[in-house]
$ cat final20.cif   # mmCIF, C-alpha atoms
data_model
#
loop_
_atom_site.label_atom_id
_atom_site.label_comp_id
_atom_site.auth_asym_id
_atom_site.auth_seq_id
_atom_site.Cartn_x
_atom_site.Cartn_y
_atom_site.Cartn_z
CA MET A 1 54.61 90.47 254.96
CA LYS A 2 57.58 88.78 256.54
CA LYS A 3 59.75 91.21 258.45
CA VAL A 4 62.99 91.72 256.61
CA ASP A 5 66.15 92.73 258.39
CA LEU A 6 67.58 95.58 256.37
CA ARG A 7 71.28 95.43 255.54
CA SER A 8 71.61 98.99 256.86
CA ASP A 9 69.53 102.04 257.79
CA CYS A 10 70.64 103.96 254.69
CA PRO A 11 67.70 105.33 252.65
CA ILE A 12 69.32 104.32 249.35
CA ASN A 13 69.78 100.81 250.67
CA TYR A 14 66.11 100.63 251.72
CA ALA A 15 64.86 101.34 248.21
CA LEU A 16 67.37 98.93 246.67
CA GLU A 17 66.42 96.09 248.97
CA TYR A 18 62.82 96.30 247.77
CA LEU A 19 63.04 97.71 244.27
CA GLY A 20 66.63 96.91 243.23
CA ASP A 21 66.32 94.43 240.39
CA LYS A 22 65.83 94.43 236.64
CA TRP A 23 62.03 94.10 236.63
CA THR A 24 60.23 95.90 239.47
CA LEU A 25 60.50 99.42 238.08
CA LEU A 26 59.32 98.17 234.67
CA VAL A 27 56.04 97.14 236.32
CA ILE A 28 55.86 100.61 237.91
CA ARG A 29 56.61 102.16 234.49
CA ASP A 30 53.71 100.21 232.96
CA LEU A 31 51.37 101.40 235.71
CA VAL A 32 52.50 105.04 235.43
CA PHE A 33 52.89 105.58 231.69
CA GLU A 34 51.11 102.75 229.90
CA GLY A 35 47.81 102.60 231.77
CA LYS A 36 48.31 98.87 232.40
CA LYS A 37 46.02 97.31 234.97
CA PHE A 38 45.74 93.56 234.40
CA PHE A 39 48.26 90.73 234.77
CA LYS A 40 48.20 89.96 231.05
CA ASP A 41 48.90 93.65 230.23
CA PHE A 42 52.17 93.54 232.18
CA GLN A 43 53.00 90.17 230.63
CA ASN A 44 52.76 91.71 227.17
CA SER A 45 55.49 94.29 227.78
CA GLN A 46 58.35 94.42 225.33
CA GLU A 47 60.95 93.08 227.75
CA GLY A 48 59.21 89.70 228.04
CA ILE A 49 58.85 89.32 231.79
CA ALA A 50 58.40 85.70 232.90
CA THR A 51 55.05 84.83 234.51
CA ASN A 52 56.59 83.72 237.81
CA ILE A 53 58.72 86.85 238.10
CA LEU A 54 55.76 89.11 237.32
CA SER A 55 53.60 87.31 239.85
CA ASP A 56 56.31 87.61 242.51
CA ARG A 57 56.90 91.31 241.84
CA LEU A 58 53.20 92.20 241.96
CA LYS A 59 52.86 90.35 245.28
CA ARG A 60 55.89 92.16 246.71
CA LEU A 61 54.63 95.54 245.52
CA GLU A 62 51.27 94.87 247.17
CA ALA A 63 52.96 93.80 250.41
CA LEU A 64 54.97 97.05 250.31
CA GLY A 65 51.83 99.15 249.80
CA ILE A 66 53.03 100.40 246.41
CA VAL A 67 50.31 98.59 244.45
CA SER A 68 46.78 97.61 245.45
CA SER A 69 44.61 95.02 243.76
CA ALA A 70 40.90 94.36 243.57
CA ILE A 71 38.64 92.02 241.66
CA ASP A 72 37.26 93.78 238.60
CA LYS A 73 33.66 92.65 238.14
CA LYS A 74 33.39 93.92 234.59
CA GLN A 75 36.50 92.13 233.32
CA ARG A 76 35.58 88.49 234.07
CA ARG A 77 36.55 88.95 237.68
CA GLN A 78 40.21 89.50 236.86
CA LYS A 79 42.45 91.21 239.38
CA ILE A 80 42.92 94.88 238.60
CA TYR A 81 46.14 96.49 239.85
CA ARG A 82 46.48 100.15 240.84
CA LEU A 83 49.35 102.30 241.98
CA SER A 84 49.01 103.68 245.51
CA PRO A 85 50.18 107.18 246.56
CA LYS A 86 53.42 105.53 247.77
CA GLY A 87 53.81 104.15 244.25
CA ALA A 88 52.98 107.49 242.62
CA ASP A 89 55.80 108.99 244.69
CA LEU A 90 58.19 106.86 242.62
CA VAL A 91 57.48 109.04 239.55
CA PRO A 92 60.37 111.49 240.24
CA ILE A 93 62.79 108.52 240.35
CA LEU A 94 61.46 107.21 237.00
CA VAL A 95 61.73 110.69 235.49
CA GLU A 96 65.37 111.09 236.56
CA ILE A 97 66.16 107.64 235.17
CA ILE A 98 64.60 108.62 231.82
CA ILE A 99 66.67 111.84 231.75
CA TRP A 100 69.90 110.00 232.60
CA SER A 101 69.43 107.23 230.05
CA SER A 102 68.38 109.64 227.30
CA LYS A 103 71.46 111.76 227.88
CA HIS A 104 73.94 108.89 227.95
CA LYS A 105 72.64 106.32 225.47
CA ASP A 106 71.82 106.96 221.83
CA GLY A 107 69.07 105.15 220.01
CA LEU A 108 66.62 104.74 222.87
CA ASN A 109 62.94 105.33 222.28
CA VAL A 110 62.35 108.65 224.03
CA ASN A 111 59.70 111.16 223.08
CA PRO A 112 61.51 114.50 222.54
CA VAL A 113 58.39 116.49 223.48
CA PHE A 114 58.30 114.64 226.80
CA LEU A 115 61.95 115.55 227.43
CA GLN A 116 61.36 119.18 226.45
CA LYS A 117 58.45 119.45 228.87
CA LEU A 118 60.60 117.98 231.64
CA SER A 119 63.38 120.39 230.86
CA ALA A 120 60.99 123.39 230.91
CA ASP A 121 59.12 122.54 234.12
CA LYS A 122 60.18 119.34 235.82
CA SER A 123 58.09 119.59 238.97
CA GLY A 124 54.97 120.63 237.04
CA MET A 125 55.46 117.73 234.63
CA ILE A 126 55.93 115.26 237.50
CA LYS A 127 52.63 116.43 239.02
CA ALA A 128 50.88 116.09 235.65
CA ILE A 129 52.24 112.55 235.22
CA GLN A 130 51.12 111.61 238.73
CA ALA A 131 47.64 113.00 238.03
CA SER A 132 47.44 110.99 234.79
CA ILE A 133 48.23 107.58 236.32
CA GLY A 134 45.86 104.93 235.03
CA SER A 135 45.64 106.62 231.62
CA THR A 136 48.06 106.72 228.71
CA GLN A 137 48.14 110.52 228.57
CA PHE A 138 51.90 110.73 228.96
CA SER A 139 54.31 108.41 227.33
CA ALA A 140 58.05 108.68 227.59
CA HIS A 141 58.20 106.68 224.35
CA GLN A 142 57.52 107.91 220.84
CA MET B 1 82.90 95.36 227.08
CA LYS B 2 80.79 92.65 225.53
CA LYS B 3 77.97 94.07 223.49
CA VAL B 4 74.71 93.45 225.26
CA ASP B 5 71.44 93.14 223.41
CA LEU B 6 69.02 95.33 225.31
CA ARG B 7 65.65 93.80 226.15
CA SER B 8 63.98 96.90 224.72
CA ASP B 9 64.74 100.48 223.67
CA CYS B 10 62.96 101.95 226.71
CA PRO B 11 65.14 104.39 228.69
CA ILE B 12 64.00 102.96 232.03
CA ASN B 13 64.93 99.50 230.84
CA TYR B 14 68.39 100.71 229.76
CA ALA B 15 69.24 101.96 233.25
CA LEU B 16 67.83 98.82 234.89
CA GLU B 17 69.83 96.49 232.66
CA TYR B 18 73.07 98.09 233.83
CA LEU B 19 72.30 99.44 237.28
CA GLY B 20 69.29 97.36 238.37
CA ASP B 21 70.49 95.29 241.29
CA LYS B 22 70.92 95.60 245.05
CA TRP B 23 74.57 96.74 245.04
CA THR B 24 75.56 98.99 242.13
CA LEU B 25 73.95 102.18 243.41
CA LEU B 26 75.49 101.61 246.85
CA VAL B 27 78.93 101.85 245.21
CA ILE B 28 77.79 105.06 243.51
CA ARG B 29 76.47 106.32 246.87
CA ASP B 30 79.89 105.68 248.45
CA LEU B 31 81.63 107.59 245.65
CA VAL B 32 79.17 110.53 245.82
CA PHE B 33 78.59 111.00 249.54
CA GLU B 34 81.31 109.14 251.40
CA GLY B 35 84.41 110.20 249.50
CA LYS B 36 85.40 106.56 249.02
CA LYS B 37 88.13 105.88 246.49
CA PHE B 38 89.81 102.55 247.18
CA PHE B 39 88.57 98.96 246.92
CA LYS B 40 88.90 98.40 250.66
CA ASP B 41 86.83 101.56 251.37
CA PHE B 42 83.87 100.16 249.43
CA GLN B 43 84.38 96.77 251.10
CA ASN B 44 83.99 98.38 254.50
CA SER B 45 80.50 99.72 253.85
CA GLN B 46 77.79 98.83 256.31
CA GLU B 47 75.92 96.52 253.95
CA GLY B 48 78.81 94.04 253.75
CA ILE B 49 79.30 93.70 250.00
CA ALA B 50 81.12 90.50 249.03
CA THR B 51 84.55 90.93 247.42
CA ASN B 52 83.58 89.20 244.18
CA ILE B 53 80.40 91.28 243.80
CA LEU B 54 82.27 94.52 244.48
CA SER B 55 84.98 93.59 241.99
CA ASP B 56 82.36 92.74 239.35
CA ARG B 57 80.40 95.97 239.88
CA LEU B 58 83.49 98.19 239.71
CA LYS B 59 84.53 96.51 236.45
CA ARG B 60 81.06 96.98 234.99
CA LEU B 61 80.91 100.62 236.07
CA GLU B 62 84.27 101.22 234.40
CA ALA B 63 83.15 99.49 231.22
CA LEU B 64 80.07 101.70 231.22
CA GLY B 65 82.14 104.87 231.64
CA ILE B 66 80.54 105.68 235.00
CA VAL B 67 83.73 105.13 236.98
CA SER B 68 87.36 105.51 236.00
CA SER B 69 90.35 104.03 237.76
CA ALA B 70 94.05 104.83 237.95
CA ILE B 71 97.02 103.62 239.93
CA ASP B 72 97.59 105.86 242.91
CA LYS B 73 101.34 106.19 243.39
CA LYS B 74 101.07 107.60 246.90
CA GLN B 75 98.87 104.80 248.24
CA ARG B 76 101.14 101.77 247.60
CA ARG B 77 100.06 101.69 243.97
CA GLN B 78 96.47 100.83 244.79
CA LYS B 79 93.77 101.48 242.24
CA ILE B 80 91.94 104.71 242.91
CA TYR B 81 88.35 104.93 241.63
CA ARG B 82 86.67 108.14 240.53
CA LEU B 83 83.18 108.99 239.34
CA SER B 84 82.98 110.28 235.74
CA PRO B 85 80.56 113.03 234.60
CA LYS B 86 78.21 110.22 233.46
CA GLY B 87 78.35 108.91 237.02
CA ALA B 88 77.84 112.37 238.54
CA ASP B 89 74.66 112.61 236.44
CA LEU B 90 73.26 109.78 238.61
CA VAL B 91 73.07 112.18 241.60
CA PRO B 92 69.46 113.30 240.85
CA ILE B 93 68.36 109.64 240.85
CA LEU B 94 70.08 109.05 244.23
CA VAL B 95 68.48 112.22 245.62
CA GLU B 96 64.97 111.15 244.56
CA ILE B 97 65.56 107.70 246.08
CA ILE B 98 66.60 109.33 249.38
CA ILE B 99 63.46 111.50 249.35
CA TRP B 100 61.17 108.55 248.58
CA SER B 101 62.66 106.25 251.22
CA SER B 102 62.69 108.97 253.89
CA LYS B 103 59.03 109.72 253.25
CA HIS B 104 57.83 106.13 253.31
CA LYS B 105 60.01 104.33 255.86
CA ASP B 106 60.48 105.35 259.46
CA GLY B 107 63.71 104.81 261.33
CA LEU B 108 66.16 105.27 258.48
CA ASN B 109 69.34 107.23 259.02
CA VAL B 110 68.62 110.47 257.16
CA ASN B 111 70.12 113.83 258.00
CA PRO B 112 67.16 116.25 258.45
CA VAL B 113 69.30 119.25 257.41
CA PHE B 114 70.10 117.45 254.16
CA LEU B 115 66.38 116.88 253.52
CA GLN B 116 65.53 120.50 254.39
CA LYS B 117 68.12 121.78 251.93
CA LEU B 118 66.73 119.51 249.22
CA SER B 119 63.24 120.70 249.96
CA ALA B 120 64.28 124.37 249.79
CA ASP B 121 66.35 124.20 246.58
CA LYS B 122 66.60 120.78 245.00
CA SER B 123 68.46 121.71 241.83
CA GLY B 124 70.95 123.92 243.69
CA MET B 125 71.57 121.15 246.19
CA ILE B 126 72.12 118.59 243.42
CA LYS B 127 74.73 120.86 241.83
CA ALA B 128 76.45 121.35 245.20
CA ILE B 129 76.54 117.57 245.77
CA GLN B 130 77.96 117.01 242.29
CA ALA B 131 80.64 119.66 242.91
CA SER B 132 81.56 117.98 246.22
CA ILE B 133 82.15 114.48 244.80
CA GLY B 134 85.36 112.97 246.17
CA SER B 135 84.89 114.73 249.51
CA THR B 136 82.60 114.01 252.44
CA GLN B 137 81.08 117.49 252.46
CA PHE B 138 77.52 116.22 252.08
CA SER B 139 76.15 113.22 253.81
CA ALA B 140 72.58 112.03 253.58
CA HIS B 141 73.22 110.24 256.87
CA GLN B 142 73.35 111.75 260.34
#
$ encode --input "final20.cif" --output "structure tokens"
Amino acid sequence: MKKVDLRSDCPINYALEYLGDKWTLLVIRDLVFEGKKFFKDFQNSQEGIATNILSDRLKRLEALGIVSSAIDKKQRRQKIYRLSPKGADLVPILVEIIIWSSKHKDGLNVNPVFLQKLSADKSGMIKAIQASIGSTQFSAHQ
Amino acid sequence: MKKVDLRSDCPINYALEYLGDKWTLLVIRDLVFEGKKFFKDFQNSQEGIATNILSDRLKRLEALGIVSSAIDKKQRRQKIYRLSPKGADLVPILVEIIIWSSKHKDGLNVNPVFLQKLSADKSGMIKAIQASIGSTQFSAHQ
């Protein structure tokens, strides 16, 4: 990975330089909540990510150590993508984003049971979500 | 504000459509932690935000109800910017970003006392930060 000169040494800036765009955290969302693993799975998300953007974001996430990939022998030798522990550590950020959006925007697709569980025991729920990565056990959507 | 058709009804997507870029959350950071209030204060941040980008982001944040502005009679009738309750609700997201970056990137400027306080009582610390907005009582930096 090419060394990037950071704009500053602020921790918020660091995350924004690498993850601050309209697509990267949607790929993380699909890995965390939707059990997505293959390129075509991410392509089929509702937001309609362009192939070149998806390809770029997956490469960047691998270079950052947030995602790893391997050839899946069962699935016609397609690349299978997995979230690393560094990627799983993004779950609390996703959770706080879900809480903020749900509070301030009506009409979004948010599972009320998911929100209730977060409200009752946020740190326990975050651990359960992290343990479920790769499955579709938890969905923030209805 | 022009009505925007959201790409989806996902709550993560909602936040990304409005806040997903490399600059917006730096303006929020400056309002939350640095006590910044005037256009020139935000301009002077370490990351070197361009005037046109800063102007655009402040307008968008006002349109979204995250920031409000008023003419400050004492300060040569400059516009003074303040974070709304909707904006203060972004603090938990900023806090989780600080925790993630501090854990996964060495050499960032993070105040260890700030991290210790978060580790000891995250929700209490978030409330204290929200109550301190407009001052420089808490800084994530050293």
$ interface_residues --input "final20.cif" --of "chain B" --to "chain A" --cutoff "8 Å" --atoms "all atoms listed in the file" --output "mmCIF file with C-alpha atoms, in the frame of the given file"
data_model
loop_
_atom_site.group_PDB
_atom_site.id
_atom_site.type_symbol
_atom_site.label_atom_id
_atom_site.label_comp_id
_atom_site.auth_asym_id
_atom_site.auth_seq_id
_atom_site.Cartn_x
_atom_site.Cartn_y
_atom_site.Cartn_z
ATOM 1 C CA ARG B 7 65.650 93.800 226.150
ATOM 2 C CA SER B 8 63.980 96.900 224.720
ATOM 3 C CA ASP B 9 64.740 100.480 223.670
ATOM 4 C CA CYS B 10 62.960 101.950 226.710
ATOM 5 C CA PRO B 11 65.140 104.390 228.690
ATOM 6 C CA ILE B 12 64.000 102.960 232.030
ATOM 7 C CA ASN B 13 64.930 99.500 230.840
ATOM 8 C CA TYR B 14 68.390 100.710 229.760
ATOM 9 C CA ALA B 15 69.240 101.960 233.250
ATOM 10 C CA LEU B 16 67.830 98.820 234.890
ATOM 11 C CA GLU B 17 69.830 96.490 232.660
ATOM 12 C CA GLY B 20 69.290 97.360 238.370
ATOM 13 C CA ASP B 21 70.490 95.290 241.290
ATOM 14 C CA LYS B 22 70.920 95.600 245.050
ATOM 15 C CA TRP B 23 74.570 96.740 245.040
ATOM 16 C CA LEU B 25 73.950 102.180 243.410
ATOM 17 C CA LEU B 26 75.490 101.610 246.850
ATOM 18 C CA ARG B 29 76.470 106.320 246.870
ATOM 19 C CA GLN B 46 77.790 98.830 256.310
ATOM 20 C CA GLU B 47 75.920 96.520 253.950
ATOM 21 C CA GLY B 48 78.810 94.040 253.750
ATOM 22 C CA LYS B 86 78.210 110.220 233.460
ATOM 23 C CA ASP B 89 74.660 112.610 236.440
ATOM 24 C CA LEU B 90 73.260 109.780 238.610
ATOM 25 C CA PRO B 92 69.460 113.300 240.850
ATOM 26 C CA ILE B 93 68.360 109.640 240.850
ATOM 27 C CA LEU B 94 70.080 109.050 244.230
ATOM 28 C CA GLU B 96 64.970 111.150 244.560
ATOM 29 C CA ILE B 97 65.560 107.700 246.080
ATOM 30 C CA ILE B 98 66.600 109.330 249.380
ATOM 31 C CA TRP B 100 61.170 108.550 248.580
ATOM 32 C CA SER B 101 62.660 106.250 251.220
ATOM 33 C CA SER B 102 62.690 108.970 253.890
ATOM 34 C CA HIS B 104 57.830 106.130 253.310
ATOM 35 C CA GLY B 107 63.710 104.810 261.330
ATOM 36 C CA LEU B 108 66.160 105.270 258.480
ATOM 37 C CA ASN B 109 69.340 107.230 259.020
ATOM 38 C CA VAL B 110 68.620 110.470 257.160
ATOM 39 C CA HIS B 141 73.220 110.240 256.870
#
$ atom_distance --input "final20.cif" --atom1 "CA of Ser123 (chain B)" --atom2 "CA of Leu61 (chain B)"
25.2 Å
$ residues_near_point --input "final20.cif" --point "(83.9, 117.6, 242.3)" --cutoff "12 Å" --atoms "all atoms listed in the file" --output "list in words"
Leu31, Val32, Phe33, Gly35, Arg82, Leu83, Ser84, Pro85, Gly87, Ala88, Ile126, Lys127, Ala128, Ile129, Gln130, Ala131, Ser132, Ile133, Gly134, Ser135, Thr136, Gln137 and Phe138 of chain B
$ write_last_selection --input "final20.cif" --atoms "C-alpha atoms" --output "PDB file, in the coordinates of the input"
ATOM      1  CA  LEU B  31      81.630 107.590 245.650  1.00  0.00           C
ATOM      2  CA  VAL B  32      79.170 110.530 245.820  1.00  0.00           C
ATOM      3  CA  PHE B  33      78.590 111.000 249.540  1.00  0.00           C
ATOM      4  CA  GLY B  35      84.410 110.200 249.500  1.00  0.00           C
ATOM      5  CA  ARG B  82      86.670 108.140 240.530  1.00  0.00           C
ATOM      6  CA  LEU B  83      83.180 108.990 239.340  1.00  0.00           C
ATOM      7  CA  SER B  84      82.980 110.280 235.740  1.00  0.00           C
ATOM      8  CA  PRO B  85      80.560 113.030 234.600  1.00  0.00           C
ATOM      9  CA  GLY B  87      78.350 108.910 237.020  1.00  0.00           C
ATOM     10  CA  ALA B  88      77.840 112.370 238.540  1.00  0.00           C
ATOM     11  CA  ILE B 126      72.120 118.590 243.420  1.00  0.00           C
ATOM     12  CA  LYS B 127      74.730 120.860 241.830  1.00  0.00           C
ATOM     13  CA  ALA B 128      76.450 121.350 245.200  1.00  0.00           C
ATOM     14  CA  ILE B 129      76.540 117.570 245.770  1.00  0.00           C
ATOM     15  CA  GLN B 130      77.960 117.010 242.290  1.00  0.00           C
ATOM     16  CA  ALA B 131      80.640 119.660 242.910  1.00  0.00           C
ATOM     17  CA  SER B 132      81.560 117.980 246.220  1.00  0.00           C
ATOM     18  CA  ILE B 133      82.150 114.480 244.800  1.00  0.00           C
ATOM     19  CA  GLY B 134      85.360 112.970 246.170  1.00  0.00           C
ATOM     20  CA  SER B 135      84.890 114.730 249.510  1.00  0.00           C
ATOM     21  CA  THR B 136      82.600 114.010 252.440  1.00  0.00           C
ATOM     22  CA  GLN B 137      81.080 117.490 252.460  1.00  0.00           C
ATOM     23  CA  PHE B 138      77.520 116.220 252.080  1.00  0.00           C
TER      24      PHE B 138
END
$ atom_distance --input "final20.cif" --atom1 "CA of Glu34 (chain A)" --atom2 "CA of Ala63 (chain A)"
22.5 Å
$ calpha_fit_and_write --input "final20.cif" --fixed "chain A" --moving "chain B" --output "short mmCIF file (atom, residue, chain, number, x, y, z; two decimals) with C-alpha atoms, in the coordinates of the input"
data_model
loop_
_atom_site.label_atom_id
_atom_site.label_comp_id
_atom_site.auth_asym_id
_atom_site.auth_seq_id
_atom_site.Cartn_x
_atom_site.Cartn_y
_atom_site.Cartn_z
CA MET B 1 54.73 90.25 254.70
CA LYS B 2 57.70 88.61 256.32
CA LYS B 3 59.75 91.07 258.30
CA VAL B 4 63.01 91.69 256.53
CA ASP B 5 66.14 92.72 258.37
CA LEU B 6 67.55 95.60 256.38
CA ARG B 7 71.25 95.45 255.57
CA SER B 8 71.60 99.00 256.88
CA ASP B 9 69.52 102.05 257.81
CA CYS B 10 70.62 103.98 254.71
CA PRO B 11 67.69 105.33 252.66
CA ILE B 12 69.32 104.33 249.37
CA ASN B 13 69.77 100.82 250.68
CA TYR B 14 66.10 100.65 251.74
CA ALA B 15 64.87 101.36 248.21
CA LEU B 16 67.38 98.95 246.67
CA GLU B 17 66.41 96.11 249.00
CA TYR B 18 62.81 96.31 247.79
CA LEU B 19 63.03 97.73 244.29
CA GLY B 20 66.62 96.92 243.26
CA ASP B 21 66.32 94.45 240.42
CA LYS B 22 65.83 94.44 236.65
CA TRP B 23 62.03 94.10 236.65
CA THR B 24 60.23 95.90 239.48
CA LEU B 25 60.51 99.42 238.08
CA LEU B 26 59.33 98.18 234.67
CA VAL B 27 56.04 97.14 236.33
CA ILE B 28 55.86 100.60 237.91
CA ARG B 29 56.62 102.16 234.50
CA ASP B 30 53.72 100.20 232.96
CA LEU B 31 51.36 101.40 235.71
CA VAL B 32 52.51 105.05 235.42
CA PHE B 33 52.89 105.57 231.68
CA GLU B 34 51.10 102.75 229.91
CA GLY B 35 47.82 102.61 231.79
CA LYS B 36 48.29 98.89 232.40
CA LYS B 37 46.01 97.30 234.97
CA PHE B 38 45.74 93.56 234.40
CA PHE B 39 48.26 90.73 234.78
CA LYS B 40 48.19 89.96 231.06
CA ASP B 41 48.90 93.64 230.23
CA PHE B 42 52.16 93.55 232.20
CA GLN B 43 53.00 90.17 230.65
CA ASN B 44 52.77 91.69 227.19
CA SER B 45 55.47 94.28 227.78
CA GLN B 46 58.33 94.41 225.33
CA GLU B 47 60.93 93.08 227.76
CA GLY B 48 59.21 89.69 228.06
CA ILE B 49 58.86 89.31 231.82
CA ALA B 50 58.39 85.70 232.91
CA THR B 51 55.05 84.84 234.53
CA ASN B 52 56.58 83.72 237.82
CA ILE B 53 58.72 86.87 238.11
CA LEU B 54 55.76 89.12 237.33
CA SER B 55 53.59 87.31 239.87
CA ASP B 56 56.32 87.62 242.52
CA ARG B 57 56.90 91.34 241.87
CA LEU B 58 53.19 92.21 241.98
CA LYS B 59 52.85 90.37 245.30
CA ARG B 60 55.87 92.18 246.72
CA LEU B 61 54.62 95.56 245.52
CA GLU B 62 51.27 94.89 247.19
CA ALA B 63 52.95 93.83 250.42
CA LEU B 64 54.95 97.05 250.32
CA GLY B 65 51.82 99.17 249.81
CA ILE B 66 53.02 100.41 246.41
CA VAL B 67 50.29 98.62 244.47
CA SER B 68 46.79 97.61 245.46
CA SER B 69 44.60 95.04 243.77
CA ALA B 70 40.88 94.36 243.58
CA ILE B 71 38.62 92.04 241.66
CA ASP B 72 37.25 93.78 238.61
CA LYS B 73 33.67 92.64 238.14
CA LYS B 74 33.40 93.92 234.58
CA GLN B 75 36.52 92.13 233.32
CA ARG B 76 35.57 88.49 234.08
CA ARG B 77 36.58 88.95 237.71
CA GLN B 78 40.23 89.50 236.89
CA LYS B 79 42.45 91.23 239.40
CA ILE B 80 42.91 94.88 238.61
CA TYR B 81 46.14 96.51 239.86
CA ARG B 82 46.45 100.15 240.84
CA LEU B 83 49.34 102.31 241.98
CA SER B 84 49.01 103.70 245.53
CA PRO B 85 50.18 107.21 246.56
CA LYS B 86 53.42 105.55 247.78
CA GLY B 87 53.82 104.16 244.27
CA ALA B 88 52.98 107.50 242.62
CA ASP B 89 55.81 109.01 244.69
CA LEU B 90 58.20 106.86 242.61
CA VAL B 91 57.48 109.05 239.54
CA PRO B 92 60.38 111.49 240.23
CA ILE B 93 62.80 108.53 240.35
CA LEU B 94 61.46 107.21 237.00
CA VAL B 95 61.73 110.70 235.49
CA GLU B 96 65.38 111.09 236.57
CA ILE B 97 66.16 107.63 235.17
CA ILE B 98 64.60 108.63 231.82
CA ILE B 99 66.67 111.83 231.76
CA TRP B 100 69.91 110.01 232.62
CA SER B 101 69.44 107.23 230.07
CA SER B 102 68.39 109.64 227.30
CA LYS B 103 71.48 111.75 227.89
CA HIS B 104 73.96 108.89 227.95
CA LYS B 105 72.65 106.31 225.48
CA ASP B 106 71.85 106.95 221.85
CA GLY B 107 69.09 105.15 220.02
CA LEU B 108 66.63 104.73 222.87
CA ASN B 109 62.95 105.31 222.28
CA VAL B 110 62.36 108.64 224.02
CA ASN B 111 59.69 111.14 223.08
CA PRO B 112 61.50 114.49 222.52
CA VAL B 113 58.37 116.48 223.47
CA PHE B 114 58.30 114.62 226.79
CA LEU B 115 61.95 115.54 227.43
CA GLN B 116 61.35 119.18 226.43
CA LYS B 117 58.45 119.45 228.86
CA LEU B 118 60.59 117.98 231.63
CA SER B 119 63.36 120.39 230.83
CA ALA B 120 60.99 123.39 230.88
CA ASP B 121 59.12 122.55 234.11
CA LYS B 122 60.19 119.35 235.81
CA SER B 123 58.09 119.60 238.95
CA GLY B 124 54.96 120.63 237.04
CA MET B 125 55.47 117.75 234.64
CA ILE B 126 55.92 115.27 237.50
CA LYS B 127 52.63 116.42 239.02
CA ALA B 128 50.87 116.10 235.65
CA ILE B 129 52.24 112.55 235.21
CA GLN B 130 51.12 111.61 238.72
CA ALA B 131 47.63 113.01 238.02
CA SER B 132 47.45 111.00 234.78
CA ILE B 133 48.23 107.59 236.32
CA GLY B 134 45.86 104.92 235.03
CA SER B 135 45.64 106.61 231.62
CA THR B 136 48.05 106.72 228.71
CA GLN B 137 48.13 110.51 228.56
CA PHE B 138 51.90 110.72 228.96
CA SER B 139 54.32 108.41 227.32
CA ALA B 140 58.08 108.69 227.57
CA HIS B 141 58.19 106.68 224.35
CA GLN B 142 57.52 107.90 220.83
#
$ atom_distance --input "final20.cif" --atom1 "CA of Ala70 (chain B)" --atom2 "CA of Phe38 (chain B)"
10.4 Å
$ resolve_selection --input "final20.cif" --expression "the PyMOL selection byres ((chain B and resi 80) around 7)" --output "list in words"
Lys37, Phe38, Ser69, Ala70, Ile71, Asp72, Gln78, Lys79, Tyr81 and Arg82 of chain B
$ write_last_selection --input "final20.cif" --atoms "C-alpha atoms" --output "CSV table (one decimal), keeping the file's coordinate frame"
chain,number,residue,atom,x,y,z
B,37,LYS,CA,88.1,105.9,246.5
B,38,PHE,CA,89.8,102.6,247.2
B,69,SER,CA,90.4,104.0,237.8
B,70,ALA,CA,94.0,104.8,238.0
B,71,ILE,CA,97.0,103.6,239.9
B,72,ASP,CA,97.6,105.9,242.9
B,78,GLN,CA,96.5,100.8,244.8
B,79,LYS,CA,93.8,101.5,242.2
B,81,TYR,CA,88.4,104.9,241.6
B,82,ARG,CA,86.7,108.1,240.5
$ resolve_selection --input "final20.cif" --expression "the PyMOL selection byres ((chain A and resi 114) around 9)" --output "PyMOL selection string"
chain A and resi 110-113+115-119+125+138-141
$ closest_residue --input "final20.cif" --among "B:Ile53, B:Ile28, B:Gly124, B:Asp5" --to "Ile66 (chain B)" --atoms "only C-alpha atoms"
B:Ile28
$ residues_near_point --input "final20.cif" --point "(82.5, 103.3, 248.7)" --cutoff "6 Å" --atoms "all atoms listed in the file" --output "PyMOL selection string"
chain B and resi 27+30-31+36+41-42
$ axis_aligned_box --input "final20.cif" --around "region 97-116 of chain A" --padding-each-side "3 Å" --output "lines of an AutoDock Vina configuration file"
center_x = 66.1
center_y = 112.0
center_z = 227.6
size_x = 21.6
size_y = 20.4
size_z = 21.2
